[in-house]
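Below: upload_39.cif (mmCIF, C-alpha atoms and all ligand atoms)
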data_target
loop_
_atom_site.label_atom_id
_atom_site.label_comp_id
_atom_site.auth_asym_id
_atom_site.auth_seq_id
_atom_site.Cartn_x
_atom_site.Cartn_y
_atom_site.Cartn_z
CA MET I 1 21.98 8.93 -7.18
CA ILE I 2 18.47 10.38 -6.88
CA PRO I 3 16.82 7.58 -4.85
CA ILE I 4 13.35 6.30 -5.74
CA ASN I 5 12.17 7.22 -2.24
CA LEU I 6 13.63 8.88 0.82
CA PRO I 7 12.04 9.45 4.24
CA LYS I 8 11.71 13.12 5.15
CA ILE I 9 12.59 13.38 8.83
CA GLY I 10 12.97 16.77 10.53
CA GLU I 11 13.81 18.19 13.95
CA GLU I 12 10.14 17.77 14.98
CA GLU I 13 10.29 13.98 14.66
CA ILE I 14 13.64 13.89 16.49
CA ALA I 15 12.23 16.02 19.34
CA ALA I 16 9.13 13.80 19.57
CA VAL I 17 11.27 10.66 19.87
CA VAL I 18 13.55 12.23 22.50
CA LYS I 19 10.52 13.26 24.54
CA VAL I 20 9.22 9.68 24.66
CA MET I 21 12.70 8.34 25.39
CA ARG I 22 13.09 10.72 28.33
CA SER I 23 9.66 10.35 29.85
CA GLY I 24 8.40 6.95 28.66
CA PRO I 25 6.49 4.73 28.52
CA LEU I 26 8.20 3.08 25.54
CA THR I 27 5.35 0.70 24.88
CA ASN I 28 2.19 -0.68 26.44
CA ALA I 29 1.62 -4.35 27.19
CA LEU I 30 -1.97 -4.22 25.89
CA GLY I 31 -1.03 -2.28 22.77
CA ALA I 32 -2.43 1.20 23.37
CA GLY I 33 -0.17 3.61 25.25
CA PRO I 34 -0.86 7.36 25.19
CA MET I 35 1.10 8.08 21.98
CA VAL I 36 -0.39 5.10 20.11
CA THR I 37 -3.88 6.15 21.22
CA ALA I 38 -3.33 9.76 20.12
CA PHE I 39 -1.89 8.58 16.78
CA GLU I 40 -4.84 6.26 16.19
CA LYS I 41 -7.31 9.07 16.83
CA LYS I 42 -5.62 11.35 14.28
CA PHE I 43 -5.15 8.56 11.74
CA ALA I 44 -8.84 7.60 11.91
CA GLU I 45 -9.74 11.26 11.23
CA PHE I 46 -7.35 11.31 8.28
CA ALA I 47 -8.81 8.07 6.88
CA GLY I 48 -12.39 9.31 7.32
CA VAL I 49 -13.55 6.39 9.51
CA LYS I 50 -14.29 5.65 13.18
CA HIS I 51 -11.36 3.45 14.09
CA ALA I 52 -7.63 3.14 13.47
CA VAL I 53 -5.65 0.28 15.01
CA ALA I 54 -1.89 0.86 14.89
CA VAL I 55 0.40 -2.16 14.47
CA ASN I 56 4.07 -2.76 13.82
CA THR I 57 4.12 -3.33 10.03
CA GLY I 58 1.85 -3.05 7.01
CA THR I 59 2.11 -6.83 6.71
CA ALA I 60 0.78 -7.22 10.28
CA ALA I 61 -2.03 -4.80 9.38
CA LEU I 62 -2.99 -6.95 6.38
CA HIS I 63 -2.77 -10.24 8.28
CA SER I 64 -4.88 -8.91 11.18
CA ALA I 65 -7.49 -7.45 8.84
CA VAL I 66 -7.79 -10.64 6.77
CA VAL I 67 -8.29 -12.66 9.99
CA ALA I 68 -10.78 -10.10 11.33
CA ALA I 69 -12.68 -10.37 8.02
CA GLY I 70 -13.33 -14.00 8.98
CA VAL I 71 -10.99 -15.70 6.48
CA LYS I 72 -10.33 -19.25 7.67
CA GLN I 73 -8.63 -22.42 6.44
CA GLY I 74 -9.64 -23.19 2.86
CA ASP I 75 -11.50 -19.93 2.16
CA GLU I 76 -10.72 -18.36 -1.20
CA VAL I 77 -9.56 -14.75 -1.33
CA ILE I 78 -9.39 -12.73 -4.55
CA LEU I 79 -6.35 -10.48 -4.88
CA PRO I 80 -3.98 -9.17 -7.52
CA SER I 81 -0.68 -10.85 -8.30
CA PHE I 82 0.77 -7.51 -9.41
CA THR I 83 1.61 -6.30 -5.91
CA PHE I 84 4.17 -6.60 -3.14
CA VAL I 85 4.25 -10.18 -1.86
CA ALA I 86 2.93 -9.17 1.60
CA THR I 87 -0.60 -8.89 0.17
CA ALA I 88 -0.55 -12.62 -0.59
CA GLU I 89 1.29 -13.56 2.61
CA ALA I 90 -1.55 -12.10 4.67
CA VAL I 91 -4.06 -14.39 2.94
CA VAL I 92 -1.89 -17.50 3.30
CA MET I 93 -1.04 -16.78 6.97
CA ALA I 94 -4.78 -16.65 7.69
CA GLY I 95 -5.17 -20.09 6.07
CA GLY I 96 -6.83 -18.71 2.95
CA LYS I 97 -6.20 -19.70 -0.66
CA PRO I 98 -5.05 -16.76 -2.79
CA VAL I 99 -6.93 -16.51 -6.08
CA PHE I 100 -4.68 -14.31 -8.20
CA THR I 101 -6.75 -12.12 -10.47
CA ASP I 102 -5.83 -10.01 -13.48
CA ILE I 103 -5.56 -6.22 -13.56
CA ASP I 104 -6.88 -3.30 -15.55
CA PRO I 105 -4.01 -2.35 -17.92
CA GLU I 106 -4.84 1.35 -17.49
CA THR I 107 -4.57 1.56 -13.69
CA TYR I 108 -2.67 -1.67 -12.79
CA ASN I 109 -5.35 -2.35 -10.16
CA LEU I 110 -7.77 -5.30 -9.92
CA PHE I 111 -10.22 -5.31 -12.83
CA PRO I 112 -13.80 -5.62 -11.47
CA ASP I 113 -14.93 -7.91 -14.37
CA GLU I 114 -12.09 -10.29 -13.58
CA ILE I 115 -13.03 -10.31 -9.88
CA GLU I 116 -16.59 -11.31 -10.77
CA LYS I 117 -15.31 -14.21 -12.93
CA ASN I 118 -13.29 -15.61 -10.03
CA VAL I 119 -16.02 -15.59 -7.37
CA THR I 120 -16.99 -19.11 -6.25
CA LYS I 121 -18.97 -20.56 -3.33
CA LYS I 122 -15.71 -20.66 -1.37
CA THR I 123 -14.84 -16.97 -1.84
CA LYS I 124 -14.77 -15.10 1.45
CA ALA I 125 -13.01 -11.81 0.72
CA ILE I 126 -11.44 -9.51 -1.84
CA VAL I 127 -8.09 -7.83 -1.15
CA PRO I 128 -7.69 -5.08 -3.75
CA VAL I 129 -4.46 -3.07 -3.79
CA ASP I 130 -4.14 0.69 -4.43
CA LEU I 131 -1.04 0.08 -6.50
CA TYR I 132 1.53 2.89 -6.72
CA GLY I 133 -0.93 4.95 -4.64
CA PHE I 134 -3.87 5.04 -7.08
CA SER I 135 -7.14 3.97 -5.50
CA VAL I 136 -8.87 0.81 -6.70
CA ASP I 137 -12.20 1.24 -8.47
CA SER I 138 -14.06 0.97 -5.16
CA LYS I 139 -17.72 1.26 -6.24
CA PRO I 140 -17.94 -1.70 -8.65
CA ILE I 141 -15.85 -3.78 -6.22
CA ARG I 142 -18.24 -2.88 -3.39
CA LYS I 143 -21.17 -3.90 -5.60
CA ILE I 144 -19.63 -7.34 -6.29
CA ALA I 145 -18.79 -7.79 -2.60
CA SER I 146 -22.35 -6.91 -1.51
CA GLU I 147 -23.95 -9.20 -4.11
CA HIS I 148 -21.86 -12.19 -3.00
CA GLY I 149 -21.55 -11.41 0.73
CA LEU I 150 -17.77 -10.85 0.61
CA ALA I 151 -15.56 -8.70 2.82
CA ILE I 152 -13.22 -6.12 1.29
CA VAL I 153 -9.81 -5.68 2.91
CA GLU I 154 -8.09 -2.94 0.94
CA ASP I 155 -4.31 -2.89 0.75
CA ALA I 156 -3.79 0.87 1.04
CA ALA I 157 -0.10 0.44 1.96
CA GLN I 158 0.88 2.95 -0.74
CA ALA I 159 -2.19 5.17 -0.71
CA HIS I 160 -1.68 7.86 1.96
CA GLY I 161 -3.27 10.94 0.44
CA ALA I 162 -5.13 9.19 -2.40
CA THR I 163 -8.87 9.79 -2.85
CA TYR I 164 -11.79 8.03 -4.55
CA ALA I 165 -15.03 9.89 -5.24
CA GLY I 166 -13.55 12.75 -3.21
CA LYS I 167 -13.05 10.56 -0.11
CA PRO I 168 -9.85 9.03 1.31
CA ALA I 169 -8.85 5.73 -0.30
CA GLY I 170 -10.03 2.78 1.75
CA VAL I 171 -13.28 4.33 2.98
CA PHE I 172 -15.39 1.96 0.85
CA ALA I 173 -13.68 -1.17 2.21
CA ASP I 174 -14.55 -3.07 5.39
CA ALA I 175 -10.98 -2.48 6.48
CA ALA I 176 -8.05 -0.65 4.90
CA CYS I 177 -4.42 -1.50 5.66
CA TRP I 178 -1.66 1.08 5.58
CA SER I 179 2.11 0.65 5.73
CA LEU I 180 4.40 3.10 7.51
CA TYR I 181 7.59 1.55 6.17
CA ALA I 182 10.46 3.98 5.55
CA SER I 183 9.78 4.33 1.79
CA LYS I 184 6.13 5.28 2.19
CA ASN I 185 4.51 8.74 1.88
CA MET I 186 4.70 8.94 5.67
CA THR I 187 6.72 6.69 7.94
CA THR I 188 7.42 5.48 11.46
CA GLY I 189 10.47 3.49 10.29
CA GLU I 190 8.45 0.28 10.36
CA GLY I 191 4.75 0.40 11.16
CA GLY I 192 1.21 -0.16 9.97
CA VAL I 193 -2.39 0.79 10.62
CA VAL I 194 -5.78 -0.79 9.95
CA THR I 195 -8.71 1.60 9.56
CA THR I 196 -12.35 0.56 9.75
CA ASP I 197 -15.78 2.00 10.40
CA THR I 198 -17.01 -1.19 12.10
CA ASP I 199 -16.79 -1.39 15.91
CA GLU I 200 -16.67 -5.19 15.95
CA VAL I 201 -13.83 -5.38 13.41
CA ALA I 202 -11.83 -2.80 15.41
CA GLU I 203 -12.36 -4.80 18.61
CA THR I 204 -11.12 -8.00 16.95
CA LEU I 205 -8.12 -6.18 15.47
CA ARG I 206 -7.14 -4.93 18.92
CA LEU I 207 -7.27 -8.48 20.27
CA ILE I 208 -5.20 -9.87 17.39
CA ARG I 209 -2.61 -7.13 17.92
CA THR I 210 -1.77 -8.28 21.42
CA HIS I 211 -2.01 -12.04 21.93
CA GLY I 212 -5.80 -12.14 21.81
CA GLU I 213 -5.86 -10.34 25.17
CA LYS I 214 -8.24 -7.70 26.43
CA ASP I 215 -7.03 -8.42 29.95
CA LYS I 216 -3.68 -10.00 30.74
CA TYR I 217 -3.53 -13.80 30.81
CA ALA I 218 -7.01 -14.24 29.41
CA SER I 219 -6.59 -14.72 25.63
CA LEU I 220 -9.94 -14.65 23.88
CA MET I 221 -8.60 -15.71 20.47
CA LEU I 222 -5.35 -16.53 18.69
CA GLY I 223 -3.29 -13.36 18.65
CA TYR I 224 0.22 -12.14 17.94
CA ASN I 225 2.58 -9.40 19.05
CA TYR I 226 1.77 -6.80 16.41
CA ARG I 227 2.01 -3.83 18.78
CA MET I 228 3.35 -0.44 17.69
CA SER I 229 5.79 1.18 20.14
CA GLU I 230 5.23 4.62 21.66
CA ILE I 231 8.36 5.84 19.87
CA GLN I 232 6.93 4.88 16.47
CA ALA I 233 3.59 6.51 17.29
CA ALA I 234 5.37 9.74 18.30
CA ILE I 235 7.06 9.85 14.88
CA GLY I 236 3.76 8.99 13.21
CA LEU I 237 1.94 11.92 14.82
CA VAL I 238 4.44 14.38 13.39
CA GLN I 239 4.60 12.69 9.98
CA LEU I 240 0.81 12.65 9.69
CA GLU I 241 0.71 16.38 10.23
CA LYS I 242 3.29 16.86 7.48
CA LEU I 243 1.65 14.39 5.09
CA PRO I 244 -0.41 16.97 3.12
CA THR I 245 2.76 18.97 2.39
CA PHE I 246 4.60 15.81 1.35
CA VAL I 247 1.81 14.73 -1.00
CA ALA I 248 1.49 18.26 -2.46
CA LYS I 249 5.19 18.24 -3.38
CA ARG I 250 4.88 14.76 -4.88
CA ARG I 251 1.91 15.98 -6.96
CA GLU I 252 3.83 19.06 -8.09
CA ASN I 253 6.78 16.88 -9.13
CA ALA I 254 4.46 14.44 -10.92
CA LYS I 255 2.81 17.25 -12.88
CA ARG I 256 6.17 18.72 -13.87
CA LEU I 257 7.47 15.32 -15.01
CA THR I 258 4.29 14.61 -16.98
CA LYS I 259 4.66 17.90 -18.85
CA ILE I 260 8.13 16.86 -19.99
CA LEU I 261 7.43 13.18 -20.73
CA ALA I 262 4.25 13.94 -22.69
CA ALA I 263 6.60 14.69 -25.62
CA SER I 264 7.22 10.94 -26.06
CA ASP I 265 4.68 8.62 -27.67
CA ARG I 266 6.49 5.51 -26.37
CA LEU I 267 5.36 6.13 -22.79
CA LYS I 268 2.02 5.65 -21.12
CA LEU I 269 2.00 8.12 -18.23
CA PRO I 270 0.11 7.90 -14.92
CA GLU I 271 -3.07 9.97 -14.68
CA GLU I 272 -5.44 11.27 -12.03
CA SER I 273 -8.68 13.26 -11.95
CA GLU I 274 -10.46 15.52 -9.45
CA GLU I 275 -12.54 12.52 -8.35
CA ARG I 276 -9.68 10.06 -8.08
CA GLN I 277 -6.47 11.61 -6.81
CA HIS I 278 -3.18 9.78 -6.70
CA SER I 279 -1.05 9.62 -3.55
CA TRP I 280 1.92 9.77 -5.98
CA TYR I 281 3.78 7.17 -3.93
CA LEU I 282 5.34 6.01 -7.20
CA TYR I 283 5.37 7.72 -10.59
CA THR I 284 5.12 4.70 -12.85
CA VAL I 285 5.33 4.75 -16.63
CA ARG I 286 4.78 1.99 -19.19
CA LEU I 287 7.21 1.56 -22.06
CA GLN I 288 4.57 0.64 -24.61
CA ASN I 289 5.08 -2.46 -26.78
CA ALA I 290 8.41 -3.13 -25.05
CA THR I 291 9.95 -6.44 -24.03
CA GLY I 292 11.27 -6.90 -20.50
CA ASN I 293 14.83 -6.59 -21.81
CA GLU I 294 14.16 -3.22 -23.46
CA ARG I 295 12.55 -1.92 -20.28
CA ASN I 296 15.42 -3.22 -18.13
CA LYS I 297 17.96 -1.56 -20.40
CA ILE I 298 16.26 1.84 -19.98
CA VAL I 299 16.24 1.39 -16.18
CA GLU I 300 19.95 0.48 -16.23
CA GLU I 301 20.80 3.50 -18.41
CA LEU I 302 18.86 5.82 -16.09
CA LYS I 303 20.80 4.43 -13.13
CA LYS I 304 24.09 5.16 -14.92
CA LYS I 305 22.91 8.77 -15.13
CA GLY I 306 22.30 8.87 -11.36
CA ILE I 307 18.53 8.38 -11.51
CA GLY I 308 17.20 5.71 -9.15
CA ALA I 309 14.57 4.29 -11.50
CA VAL I 310 13.14 0.95 -10.33
CA ALA I 311 11.06 -1.75 -12.03
CA TYR I 312 8.89 -3.07 -9.17
CA TYR I 313 7.10 -6.44 -9.12
CA ILE I 314 9.04 -7.82 -12.12
CA ASN I 315 8.03 -11.26 -10.90
CA PRO I 316 4.32 -11.07 -10.09
CA VAL I 317 3.39 -13.18 -7.06
CA HIS I 318 1.67 -16.00 -9.03
CA LEU I 319 4.99 -16.64 -10.82
CA MET I 320 7.10 -16.80 -7.64
CA PRO I 321 8.36 -20.35 -6.93
CA TYR I 322 6.59 -20.79 -3.57
CA TYR I 323 3.22 -19.52 -4.80
CA ARG I 324 3.40 -21.46 -8.07
CA GLU I 325 4.13 -24.69 -6.22
CA ALA I 326 1.60 -24.19 -3.46
CA PHE I 327 -1.30 -22.79 -5.49
CA GLY I 328 -0.68 -23.95 -9.06
CA GLU I 329 0.00 -22.38 -12.44
CA ARG I 330 -2.16 -19.51 -13.61
CA ARG I 331 -2.00 -17.21 -16.63
CA LEU I 332 -2.61 -13.51 -16.02
CA PRO I 333 -1.86 -11.81 -19.36
CA GLU I 334 -2.28 -8.15 -18.34
CA THR I 335 -0.30 -8.69 -15.13
CA GLU I 336 2.55 -10.39 -16.96
CA LYS I 337 2.62 -7.72 -19.66
CA ALA I 338 2.66 -4.85 -17.17
CA ALA I 339 5.39 -6.58 -15.14
CA SER I 340 7.67 -6.49 -18.19
CA GLN I 341 6.87 -2.95 -19.35
CA VAL I 342 6.55 -0.59 -16.37
CA PHE I 343 9.10 1.23 -14.26
CA SER I 344 8.99 3.98 -11.63
CA LEU I 345 10.79 7.31 -11.40
CA PRO I 346 11.69 9.38 -8.30
CA ILE I 347 9.24 12.17 -7.41
CA HIS I 348 9.46 12.09 -3.58
CA PRO I 349 9.38 15.43 -1.72
CA GLY I 350 13.19 15.63 -1.64
CA VAL I 351 13.39 15.77 -5.46
CA THR I 352 13.92 19.34 -6.65
CA ASP I 353 12.44 20.98 -9.76
CA ALA I 354 15.86 20.89 -11.41
CA GLN I 355 16.15 17.15 -10.68
CA VAL I 356 12.68 16.51 -12.13
CA ASP I 357 13.75 18.33 -15.29
CA TYR I 358 16.96 16.28 -15.39
CA ILE I 359 15.05 12.98 -14.97
CA GLY I 360 12.54 13.91 -17.69
CA LYS I 361 15.17 15.03 -20.16
CA ALA I 362 17.42 12.01 -19.50
CA LEU I 363 14.54 9.62 -20.20
CA LEU I 364 13.48 11.45 -23.37
CA ASP I 365 17.09 11.34 -24.63
CA LEU I 366 17.27 7.58 -23.99
CA LEU I 367 14.02 6.97 -25.84
C1 LIG I 401 1.31 -2.94 -1.63
C2 LIG I 401 1.99 -3.26 -0.32
N1 LIG I 401 1.40 -4.13 0.52
C3 LIG I 401 1.96 -4.43 1.71
C4 LIG I 401 3.15 -3.88 2.10
C5 LIG I 401 3.75 -4.32 3.40
O1 LIG I 401 4.01 -3.31 4.27
P1 LIG I 401 5.22 -3.43 5.33
O2 LIG I 401 6.49 -3.38 4.56
O3 LIG I 401 5.03 -2.23 6.19
O4 LIG I 401 5.04 -4.69 6.06
C6 LIG I 401 3.79 -2.93 1.27
C7 LIG I 401 5.03 -2.23 1.63
O5 LIG I 401 6.06 -2.60 1.90
C8 LIG I 401 3.20 -2.65 0.02
O6 LIG I 401 3.79 -1.79 -0.82
#

Rewrite the coordinates I just gave you, this time as structure tokens.
Amino acid sequence: MIPINLPKIGEEEIAAVVKVMRSGPLTNALGAGPMVTAFEKKFAEFAGVKHAVAVNTGTAALHSAVVAAGVKQGDEVILPSFTFVATAEAVVMAGGKPVFTDIDPETYNLFPDEIEKNVTKKTKAIVPVDLYGFSVDSKPIRKIASEHGLAIVEDAAQAHGATYAGKPAGVFADAACWSLYASKNMTTGEGGVVTTDTDEVAETLRLIRTHGEKDKYASLMLGYNYRMSEIQAAIGLVQLEKLPTFVAKRRENAKRLTKILAASDRLKLPEESEERQHSWYLYTVRLQNATGNERNKIVEELKKKGIGAVAYYINPVHLMPYYREAFGERRLPETEKAASQVFSLPIHPGVTDAQVDYIGKALLDLL
């Protein structure tokens, strides 16, 4: 089976881990040991901002950033439903009320006009998601946020290597949250990072990461144990250096697959431009005018041929039992349509040219 994603770990990562294991320290009680500090410095450079705060998951990154944005009990937060559930969890854990908002059918990301419609006096923040690794439309979202005094916490969990207006994804947000989970464009096994240009936000994030403490036994606010270990940071340093090569191979695979699949008029293919480059975390196609059953059948047939195609987010968050019960029914037509029509194909750096050709041809044959 050609898996949908596969971490690319080499001798360099293994050597980096062994070095930390032999010499220590393994972690730091206040969150920032030497490896974590070095990783944060490099990650901030990569993200094009002043600060990076490393934590132990992308979910922890999102939760910390939503809290640091000032979201409190009863505040409304605008976010997509077409995303991984962690985006919504972060809002709910902070005490906020998720206001699920519809997407642009072209990019699968939050549609700025829909955001505007959902702003109320209670709205505190917007959490847009760079779904599949394609940056949100940052400028109009920034305009809405500035007009209404809202914070933007961007879920960039899938966006390592993506750009918007020639800059790294997340730069236009107040904070951007990255996941380093094993499937992502770069990984530390589990891990996350929040990036921000604002000193005060970074300071709060560092407190939240480690029990609200700047000094031991003197908590300044409610905090958690969201610390990244030195071992994870050592892997992260190596992976970050390799990231451009990983993304280049993903892009090459995406281009090759697009050339083949362009022969079908049933598929809507993912696109990018000079100004808005994909991270190519997932190569996601839409089976136009299809029902969920038709889409699922194609995914099943691809699997039988050894191709690890996956339909992600088949149940958008607003339709999940917990969220429907807690926050009420809502209709999101574009979200629901996309959830029944899209699926993703493997293009990770381990996929060879011959495998890309095989995937493309197999899908064309099925169609
Ligand atoms: C869009 C999105 N948000 C949040 C997360 C949560 O990240 P993590 O799994 O590292 O907690 C992920 C990845 O799993 C994701 O894809």

Go ahead and fit an axis-aligned box to every listed atom of ligand LIG 401 (chain I) plus 8 Å each side, and pass me the centre and edge lengths in Å, one decimal, as JSON.
{"center_x": 3.9, "center_y": -3.2, "center_z": 2.3, "size_x": 21.2, "size_y": 18.9, "size_z": 23.8}

Sort by chain and increasing residue number a table of all residues of chain I within 6 Å of ligand LIG 401 (chain I), each with its closest pair of atoms and their distance in Å to one decimal, counting all atoms listed in the file, and write it as JSON lines.
{"residue": "I:Thr57", "atom": "CA", "partner": "I:LIG401", "partner_atom": "O3", "distance": 4.1}
{"residue": "I:Gly58", "atom": "CA", "partner": "I:LIG401", "partner_atom": "O3", "distance": 3.4}
{"residue": "I:Thr59", "atom": "CA", "partner": "I:LIG401", "partner_atom": "O4", "distance": 3.7}
{"residue": "I:Thr83", "atom": "CA", "partner": "I:LIG401", "partner_atom": "C1", "distance": 5.4}
{"residue": "I:Phe84", "atom": "CA", "partner": "I:LIG401", "partner_atom": "C1", "distance": 4.9}
{"residue": "I:Ala86", "atom": "CA", "partner": "I:LIG401", "partner_atom": "C3", "distance": 4.8}
{"residue": "I:Thr87", "atom": "CA", "partner": "I:LIG401", "partner_atom": "N1", "distance": 5.2}
{"residue": "I:Asp155", "atom": "CA", "partner": "I:LIG401", "partner_atom": "N1", "distance": 5.8}
{"residue": "I:Ala157", "atom": "CA", "partner": "I:LIG401", "partner_atom": "C2", "distance": 4.8}
{"residue": "I:Gln158", "atom": "CA", "partner": "I:LIG401", "partner_atom": "O6", "distance": 5.6}
{"residue": "I:Ser179", "atom": "CA", "partner": "I:LIG401", "partner_atom": "O3", "distance": 4.1}
{"residue": "I:Leu180", "atom": "CA", "partner": "I:LIG401", "partner_atom": "O3", "distance": 5.5}
{"residue": "I:Tyr181", "atom": "CA", "partner": "I:LIG401", "partner_atom": "O3", "distance": 4.6}
{"residue": "I:Glu190", "atom": "CA", "partner": "I:LIG401", "partner_atom": "O3", "distance": 5.9}
{"residue": "I:Gly191", "atom": "CA", "partner": "I:LIG401", "partner_atom": "O3", "distance": 5.6}
{"residue": "I:Gly192", "atom": "CA", "partner": "I:LIG401", "partner_atom": "O3", "distance": 5.8}

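Among I:Glu230, I:Asp113, I:Glu272, I:Glu45, the residue with the shortest atom-to-atom distance to Met21 of chain I, counting all atoms listed in the file, is I:Glu230.
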
If I put a ball of radius 10 Å at (4.9, 9.2, 11.8) in the file's coordinates, which residues poke into it when counting all atoms listed in the file, written as a ChimeraX atom specification? /I:9,13,16,39,180-182,185-191,231-243

Near Ala176 of chain I, counting all atoms listed in the file, which residues have an atom at most 12 Å away, once you skip same-chain residues fewer than 6 positions from it, shown as a PyMOL selection string? chain I and resi 43-44+47-49+51-54+58+61-66+68-69+126-130+135-136+138+151-160+168-170+192-198+201-202+205

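Across the model, the gap from atom CA of Lys337 of chain I to atom CA of Tyr313 of chain I is 11.5 Å.
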
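Restricting the calculation to all atoms listed in the file, the smallest distance between Leu363 of chain I and any of I:Val317, I:Ile260, I:Gly292, I:Val310 is found for I:Ile260.
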
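The interatomic distance for the pair atom CA of Met221 of chain I and atom CA of Lys97 of chain I works out to 21.6 Å.
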
Selection: 12 Å around Ile2 of chain I, only C-alpha atoms, excl. self and same-chain fewer than 4 positions, as an NGL selection string: :I and (6 or 302-310 or 345-352 or 354-356 or 358-359)

Just C-alpha atoms for this one: save the residues we selected as a compact mmCIF listing (two decimals), in the frame of the given file.
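result03.txt was written with the following content:
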# COMPACT_ATOMS: atom_id res chain seq x y z
CA LEU I 6 13.63 8.88 0.82
CA LEU I 302 18.86 5.82 -16.09
CA LYS I 303 20.80 4.43 -13.13
CA LYS I 304 24.09 5.16 -14.92
CA LYS I 305 22.91 8.77 -15.13
CA GLY I 306 22.30 8.87 -11.36
CA ILE I 307 18.53 8.38 -11.51
CA GLY I 308 17.20 5.71 -9.15
CA ALA I 309 14.57 4.29 -11.50
CA VAL I 310 13.14 0.95 -10.33
CA LEU I 345 10.79 7.31 -11.40
CA PRO I 346 11.69 9.38 -8.30
CA ILE I 347 9.24 12.17 -7.41
CA HIS I 348 9.46 12.09 -3.58
CA PRO I 349 9.38 15.43 -1.72
CA GLY I 350 13.19 15.63 -1.64
CA VAL I 351 13.39 15.77 -5.46
CA THR I 352 13.92 19.34 -6.65
CA ALA I 354 15.86 20.89 -11.41
CA GLN I 355 16.15 17.15 -10.68
CA VAL I 356 12.68 16.51 -12.13
CA TYR I 358 16.96 16.28 -15.39
CA ILE I 359 15.05 12.98 -14.97

Shortest interatomic distance to Glu329 of chain I - which of I:Tyr164, I:Phe100, I:Ser264, I:Ser183, counting all atoms listed in the file: I:Phe100

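Of the residues listed (I:Gly161, I:Gly33, I:Gly166, I:Pro25), I:Gly166 shows the shortest atom-to-atom separation from Glu274 of chain I; distances use only C-alpha atoms.
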
Residue neighbourhood Ala339 of chain I, 7 Å, all atoms listed in the file, exclusion window fewer than 6 positions, as number ranges by chain: I: 313-316

I:Val55, I:Val18, I:Leu332, I:Val91: which is nearest Tyr224 of chain I, counting only C-alpha atoms? I:Val55

Do you know which residues are at most 12 Å from Arg330 of chain I counting all atoms listed in the file, after dropping those on the same chain fewer than 4 positions away, and could you put them as a CSV table (one decimal) with C-alpha atoms, in the coordinates of the input?
chain,number,residue,atom,x,y,z
I,81,SER,CA,-0.7,-10.8,-8.3
I,98,PRO,CA,-5.0,-16.8,-2.8
I,99,VAL,CA,-6.9,-16.5,-6.1
I,100,PHE,CA,-4.7,-14.3,-8.2
I,101,THR,CA,-6.8,-12.1,-10.5
I,102,ASP,CA,-5.8,-10.0,-13.5
I,316,PRO,CA,4.3,-11.1,-10.1
I,317,VAL,CA,3.4,-13.2,-7.1
I,318,HIS,CA,1.7,-16.0,-9.0
I,319,LEU,CA,5.0,-16.6,-10.8
I,320,MET,CA,7.1,-16.8,-7.6
I,323,TYR,CA,3.2,-19.5,-4.8
I,324,ARG,CA,3.4,-21.5,-8.1
I,325,GLU,CA,4.1,-24.7,-6.2
I,326,ALA,CA,1.6,-24.2,-3.5
I,335,THR,CA,-0.3,-8.7,-15.1
I,336,GLU,CA,2.6,-10.4,-17.0

Between atom CA of Val247 of chain I and atom CA of Val20 of chain I, what is the distance in Å, rounded to a tenth? 27.2 Å

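Proximity of I:Ser219, I:Thr204, I:Asn109, I:Asn293 to Asp137 of chain I, computed with only C-alpha atoms, is greatest for I:Asn109.
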